$ cat structure.txt   # compact mmCIF, C-alpha atoms
# COMPACT_ATOMS: atom_id res chain seq x y z
CA MET M 183 140.62 72.81 62.85
CA GLN M 184 140.92 69.29 61.44
CA ASN M 185 138.10 66.81 61.78
CA PRO M 186 138.74 63.08 61.22
CA PHE M 187 135.02 62.68 60.69
CA SER M 188 133.20 65.64 59.20
CA GLU M 189 130.86 65.69 56.25
CA GLN M 190 128.06 67.97 55.17
CA THR M 191 125.73 68.50 52.23
CA LEU M 192 124.51 71.93 51.20
CA VAL M 193 121.07 71.88 49.61
CA THR M 194 119.55 74.44 47.25
CA ALA M 195 115.78 74.02 47.50
CA SER M 196 113.53 74.65 44.52
CA PRO M 197 111.13 77.62 44.62
CA TYR M 198 108.25 75.15 44.88
CA ALA M 199 109.79 73.43 47.90
CA LYS M 200 110.47 76.77 49.60
CA GLU M 201 106.84 77.76 49.17
CA HIS M 202 105.15 74.47 50.04
CA TYR M 203 107.49 72.25 52.10
CA LEU M 204 109.83 72.10 55.01
CA TYR M 205 113.12 72.09 53.13
CA LEU M 206 116.74 71.28 53.87
CA GLN M 207 119.40 73.97 53.92
CA LYS M 208 122.32 71.78 54.98
CA ILE M 209 122.86 68.55 56.84
CA GLY M 210 125.87 66.68 58.14
CA PHE M 211 127.89 64.69 60.64
CA LEU M 212 130.68 66.10 62.76
CA ARG M 213 133.29 64.80 65.18
CA HIS M 214 135.69 67.35 66.65
CA ALA M 215 139.39 66.50 66.75
CA LYS M 216 139.91 69.11 69.46
CA PRO M 217 137.70 71.54 71.41
CA HIS M 218 136.28 74.22 69.15
CA VAL M 219 133.54 76.82 69.58
CA SER M 220 130.93 77.01 66.81
CA ARG M 221 128.90 80.22 66.74
CA SER M 222 125.69 81.41 65.09
CA ARG M 223 125.49 83.68 62.08
CA GLU M 224 121.90 84.90 62.58
CA LEU M 225 120.40 82.65 59.93
CA LYS M 226 116.76 82.26 59.05
CA SER M 227 116.94 78.62 59.95
CA LEU M 228 116.13 76.03 62.57
CA LEU M 229 118.94 73.76 63.76
CA PHE M 230 118.35 70.31 65.21
CA PHE M 231 121.19 68.11 66.39
CA ILE M 232 121.77 65.00 68.46
CA VAL M 233 124.93 64.08 70.36
CA THR M 234 125.90 60.58 69.27
CA ILE M 235 129.24 60.40 71.10
CA GLY M 236 130.89 62.40 73.87
CA ARG M 237 129.89 65.56 75.74
CA GLY M 238 129.77 69.33 75.24
CA LYS M 239 127.77 72.45 75.96
CA LEU M 240 125.33 74.76 74.19
CA ILE M 241 124.89 78.44 75.06
CA TYR M 242 121.50 79.69 73.94
CA ARG M 243 118.94 82.23 75.17
CA GLY M 244 121.15 83.25 78.04
CA ARG M 245 121.58 79.73 79.41
CA THR M 246 124.29 77.11 79.26
CA TRP M 247 123.16 73.57 78.59
CA GLU M 248 125.39 70.59 79.32
CA LEU M 249 124.92 67.93 76.66
CA ARG M 250 126.01 64.32 76.53
CA GLN M 251 125.45 61.26 74.35
CA GLY M 252 121.77 60.88 73.43
CA ASP M 253 120.83 64.52 74.12
CA CYS M 254 119.07 66.57 71.45
CA ALA M 255 118.83 70.32 70.85
CA TRP M 256 116.37 72.25 68.68
CA ILE M 257 117.13 75.96 68.32
CA ASP M 258 116.23 79.05 66.32
CA CYS M 259 119.34 80.20 64.45
CA SER M 260 118.12 83.79 64.16
CA LEU M 261 119.11 84.10 67.84
CA PRO M 262 122.72 84.05 69.12
CA TYR M 263 124.05 80.64 70.10
CA SER M 264 127.31 78.75 70.38
CA TYR M 265 128.29 75.18 71.15
CA GLU M 266 131.54 73.50 72.10
CA SER M 267 132.79 69.95 72.63
CA SER M 268 134.20 68.87 75.96
CA SER M 269 138.00 68.58 75.92
CA SER M 270 137.89 65.36 77.93
CA SER M 271 135.20 63.64 75.84
CA LEU M 272 135.14 65.01 72.29
CA TRP M 273 131.71 64.77 70.82
CA GLU M 274 130.14 63.62 67.57
CA LEU M 275 127.00 65.28 66.27
CA LYS M 276 124.40 64.61 63.62
CA TRP M 277 122.73 67.85 62.61
CA VAL M 278 120.39 69.51 60.15
CA HIS M 279 119.55 73.11 59.26
CA PHE M 280 116.09 73.54 57.74
CA TYR M 281 113.26 75.99 57.23
CA GLY M 282 110.17 76.42 55.08
CA ARG M 283 106.42 76.46 55.25
CA GLY M 284 105.20 75.71 58.76
CA ALA M 285 108.70 75.69 60.31
CA ALA M 286 108.19 78.81 62.42
CA GLU M 287 104.72 77.62 63.46
CA PHE M 288 106.08 74.20 64.49
CA TYR M 289 108.74 75.82 66.61
CA ALA M 290 106.39 78.38 68.15
CA GLN M 291 104.01 75.61 69.17
CA PHE M 292 106.94 73.64 70.58
CA LEU M 293 107.90 76.59 72.76
CA ALA M 294 104.29 77.34 73.72
CA GLN M 295 103.94 73.93 75.38
CA GLY M 296 106.92 74.73 77.60
CA SER M 297 109.31 72.30 75.94
CA PRO M 298 113.03 72.70 76.70
CA PHE M 299 115.43 73.48 73.87
CA VAL M 300 117.59 70.57 75.03
CA PHE M 301 116.10 67.23 75.94
CA THR M 302 116.99 63.58 76.41
CA PRO M 303 114.63 61.45 74.30
CA SER M 304 113.53 58.00 75.37
CA ASN M 305 114.05 56.90 71.77
CA PRO M 306 117.23 58.56 70.42
CA GLY M 307 117.34 55.89 67.74
CA PHE M 308 114.46 57.57 65.92
CA PHE M 309 116.35 60.86 65.59
CA ASN M 310 119.54 59.05 64.57
CA GLU M 311 117.72 57.13 61.86
CA CYS M 312 115.78 60.16 60.66
CA LEU M 313 118.92 62.27 60.22
CA SER M 314 120.81 59.40 58.58
CA SER M 315 117.93 58.82 56.14
CA LEU M 316 117.80 62.53 55.31
CA PHE M 317 121.53 62.62 54.69
CA SER M 318 121.51 59.52 52.51
CA LEU M 319 118.54 60.79 50.52
CA GLN M 320 120.49 63.81 49.29
CA ALA M 321 122.98 61.59 47.47
CA HIS M 322 120.32 60.11 45.20
CA GLY M 323 118.49 61.56 42.22
CA ASP M 324 115.08 60.62 43.57
CA PRO M 325 112.40 62.72 41.79
CA TYR M 326 110.55 62.92 45.12
CA LYS M 327 113.66 63.97 47.08
CA GLU M 328 112.22 67.27 48.26
CA LEU M 329 108.88 65.72 49.11
CA LEU M 330 110.53 62.92 51.07
CA SER M 331 112.83 65.40 52.81
CA HIS M 332 109.73 67.33 53.85
CA LYS M 333 108.28 64.12 55.24
CA TYR M 334 111.36 63.32 57.32
CA LEU M 335 111.63 66.90 58.61
CA THR M 336 107.95 66.90 59.56
CA ASP M 337 108.44 63.63 61.42
CA LEU M 338 111.44 65.03 63.23
CA CYS M 339 109.50 68.12 64.35
CA VAL M 340 106.44 66.15 65.42
CA PHE M 341 108.49 63.62 67.38
CA CYS M 342 110.21 66.39 69.34
CA PHE M 343 106.93 67.21 71.10
CA PRO M 344 106.42 64.00 73.12
CA GLU M 345 110.14 63.26 73.39
CA SER M 346 110.93 66.62 75.00
CA LYS M 347 108.57 65.93 77.90
CA SER M 348 109.65 64.33 81.16
CA ARG M 349 108.73 60.67 81.45
CA SER M 350 107.89 58.53 84.45
CA PRO M 351 110.62 55.86 84.80
CA HIS M 352 108.64 52.71 84.12
CA PRO M 353 110.45 51.16 81.15
CA HIS M 354 109.08 47.69 81.80
CA GLY M 355 105.46 48.60 82.51
CA ALA M 356 102.76 47.37 80.12
CA GLN M 357 101.09 50.79 79.97
CA ASP M 358 104.43 52.43 79.21
CA LYS M 359 105.08 50.00 76.36
CA LEU M 360 101.65 50.65 74.85
CA GLU M 361 102.30 54.40 74.97
CA GLN M 362 105.64 53.82 73.25
CA ILE M 363 103.97 51.77 70.53
CA ARG M 364 101.36 54.46 69.94
CA GLU M 365 104.02 57.15 69.76
CA TYR M 366 105.94 54.97 67.31
CA LEU M 367 102.86 54.73 65.09
CA LEU M 368 102.24 58.47 65.26
CA ALA M 369 105.87 59.21 64.40
CA HIS M 370 106.17 56.64 61.58
CA TYR M 371 102.70 56.98 60.05
CA MET M 372 104.19 57.71 56.63
CA GLU M 373 106.02 54.37 56.54
CA LYS M 374 104.86 50.84 55.90
CA ILE M 375 104.24 49.35 59.36
CA SER M 376 103.10 45.80 60.05
CA LEU M 377 102.14 43.93 63.20
CA ASP M 378 105.18 41.75 62.61
CA GLU M 379 107.41 44.83 62.76
CA LEU M 380 105.76 46.06 65.96
CA THR M 381 106.16 42.70 67.65
CA ARG M 382 109.82 42.61 66.64
CA VAL M 383 110.62 46.16 67.76
CA PHE M 384 108.71 46.02 71.05
CA PHE M 385 109.06 42.32 71.92
CA ILE M 386 105.34 41.67 72.29
CA SER M 387 103.06 39.04 70.74
CA LYS M 388 100.53 40.03 68.08
CA TYR M 389 97.61 38.73 70.09
CA HIS M 390 98.67 40.51 73.27
CA LEU M 391 99.42 43.73 71.38
CA VAL M 392 96.06 43.93 69.61
CA ARG M 393 94.11 42.93 72.73
CA GLU M 394 95.87 45.31 75.12
CA TYR M 395 96.04 48.16 72.60
CA ARG M 396 92.28 47.97 71.99
CA LYS M 397 91.67 47.78 75.74
CA ARG M 398 93.91 50.82 76.36
CA PHE M 399 92.93 53.08 73.43
CA GLY M 400 89.62 51.63 72.23
CA ILE M 401 90.97 50.92 68.74
CA THR M 402 93.29 48.42 67.06
CA PRO M 403 96.85 49.48 66.12
CA GLY M 404 96.05 49.21 62.41
CA ASN M 405 92.91 51.33 62.62
CA ASP M 406 94.70 53.87 64.82
CA LEU M 407 97.47 54.14 62.24
CA THR M 408 94.95 54.68 59.44
CA ALA M 409 93.11 57.31 61.49
CA CYS M 410 96.40 59.12 62.08
CA ARG M 411 97.21 59.08 58.36
CA LEU M 412 93.77 60.38 57.45
CA SER M 413 94.02 63.13 60.05
CA HIS M 414 97.29 64.34 58.50
CA ALA M 415 95.76 64.05 55.04
CA LYS M 416 92.80 66.22 56.01
CA SER M 417 95.14 68.86 57.39
CA LEU M 418 97.10 68.93 54.12
CA LEU M 419 93.92 69.07 52.06
CA ARG M 420 92.67 72.05 54.06
CA SER M 421 95.85 74.10 54.20
CA GLY M 422 98.11 72.90 51.40
CA THR M 423 98.23 72.83 47.62
CA GLN M 424 99.72 69.36 47.21
CA SER M 425 98.08 66.98 44.79
CA VAL M 426 96.20 63.90 45.99
CA GLU M 427 99.15 61.77 44.84
CA GLU M 428 101.62 63.86 46.86
CA ILE M 429 99.42 63.72 49.95
CA ALA M 430 99.14 59.95 49.64
CA VAL M 431 102.95 59.71 49.70
CA LEU M 432 103.29 62.15 52.61
CA CYS M 433 100.71 60.32 54.69
CA GLY M 434 101.99 56.79 54.22
CA PHE M 435 99.41 55.32 51.81
CA HIS M 436 100.96 52.87 49.37
CA SER M 437 98.93 54.25 46.44
CA SER M 438 96.68 57.19 45.69
CA ALA M 439 93.85 54.79 44.81
CA TYR M 440 94.05 53.16 48.23
CA PHE M 441 94.22 56.58 49.87
CA ILE M 442 91.07 57.73 48.04
CA ARG M 443 89.24 54.54 48.95
CA MET M 444 90.11 54.80 52.66
CA PHE M 445 89.34 58.51 52.73
CA LYS M 446 85.94 58.00 51.15
CA ARG M 447 85.15 55.18 53.58
CA SER M 448 85.97 57.48 56.50
CA GLU M 449 84.51 60.80 55.28
CA ASN M 450 81.86 59.72 52.75
CA MET M 451 83.51 61.92 50.14
CA THR M 452 86.66 61.95 48.04
CA PRO M 453 89.73 63.97 49.06
CA LEU M 454 89.05 66.56 46.35
CA GLU M 455 85.45 66.93 47.49
CA TYR M 456 86.72 67.43 51.04
CA ARG M 457 89.17 70.10 49.84
CA ARG M 458 86.44 72.00 48.02
CA LYS M 459 84.17 71.98 51.07
CA SER M 460 86.89 72.93 53.58
$ encode --input "structure.txt" --output "structure tokens"
Amino acid sequence: MQNPFSEQTLVTASPYAKEHYLYLQKIGFLRHAKPHVSRSRELKSLLFFIVTIGRGKLIYRGRTWELRQGDCAWIDCSLPYSYESSSSSLWELKWVHFYGRGAAEFYAQFLAQGSPFVFTPSNPGFFNECLSSLFSLQAHGDPYKELLSHKYLTDLCVFCFPESKSRSPHPHGAQDKLEQIREYLLAHYMEKISLDELTRVFFISKYHLVREYRKRFGITPGNDLTACRLSHAKSLLRSGTQSVEEIAVLCGFHSSAYFIRMFKRSENMTPLEYRRKS
């Protein structure tokens, strides 16, 4: 089979990454030149992909899923599966195979909440950008490449939970927009986010955003973002072996000193003191 647009990167994770992180196995982009069936090879891996163009089908767990542009699939590659592009509308996919610490638990929790393996997200742009960033990252010699890959993979997994749920069709409602903003903060907590960015992305004034957000959730967007970052940091301190500097990066703090200061203000102890007491 010839593909006019097909590229992938195979990744060999370090022993440290395999023990401590979610890590990449391979990632790529694919556009079929003609219908072709891709089948599983019983891998210890999770596969996530999004259809960016066209239509096709996925056969998994005894069911056939019809997929079209914007649809996502998250599957366990240890189970048999196959997927195939439509002959009338050849598809393009962005995909990633990954595994590592917490991967099986993430997926088990995803299934436990009754989430479908295939879903149509309200914000496909997030998954597109996440996969593109992961792919681009592999081409650079960034010393934090594996740590940053772990961050993007964690974000991808976390964002699947709300995006796989059915949504009431109220795209222009104020409450709906506030929920979208909060989900955006929860999904992008590791990134630098400003009120200016939120107003640009969601077409809402700063004053209205802060006022309505506080009214709806009882907290400002900035404080909610910090609380989310600290919550993730506490989880890593309890269950992980990452250093304070690594946790600061993973949780979106611009420096370890700032992270320590905010943590101490919230918990009345330093991160290391919290780890020792947990």
$ closest_residue --input "structure.txt" --among "M:Lys208, M:Phe441, M:Phe385, M:Ile257" --to "Ala286 (chain M)" --atoms "only C-alpha atoms"
M:Ile257
$ residues_around --input "structure.txt" --residues "Leu391 (chain M)" --least-positions-apart "2" --cutoff "10 Å" --atoms "only C-alpha atoms" --output "MDAnalysis selection string"
chainID M and resid 359:360 363 377 380:381 384:389 393:397 402:403
$ atom_distance --input "structure.txt" --atom1 "CA of Ser227 (chain M)" --atom2 "CA of Thr194 (chain M)"
13.6 Å
$ closest_residue --input "structure.txt" --among "M:Asn310, M:Ser438, M:Ser421, M:Thr191" --to "Val233 (chain M)" --atoms "all atoms listed in the file"
M:Asn310
$ residues_around --input "structure.txt" --residues "Phe399 (chain M)" --least-positions-apart "6" --cutoff "10 Å" --atoms "all atoms listed in the file" --output "number ranges by chain"
M: 360-361, 364, 406
$ closest_residue --input "structure.txt" --among "M:Ser425, M:Ser417, M:Gln190, M:Ser331" --to "Phe280 (chain M)" --atoms "all atoms listed in the file"
M:Ser331
$ residues_around --input "structure.txt" --residues "Ile375 (chain M)" --least-positions-apart "2" --cutoff "12 Å" --atoms "only C-alpha atoms" --output "list in words"
Ile363, Tyr366, Leu367, Leu368, Ala369, His370, Tyr371, Met372, Glu373, Leu377, Asp378, Glu379, Leu380, Thr381, Arg382, Val383, Pro403, Gly404, Asn405, Asp406, Leu407, Thr408, Gly434, Phe435 and His436 of chain M
$ residues_around --input "structure.txt" --residues "Leu206 (chain M)" --least-positions-apart "2" --cutoff "9 Å" --atoms "all atoms listed in the file" --output "ChimeraX atom specification"
/M:192-195,204,208-209,278-282,316,328,331-332,335
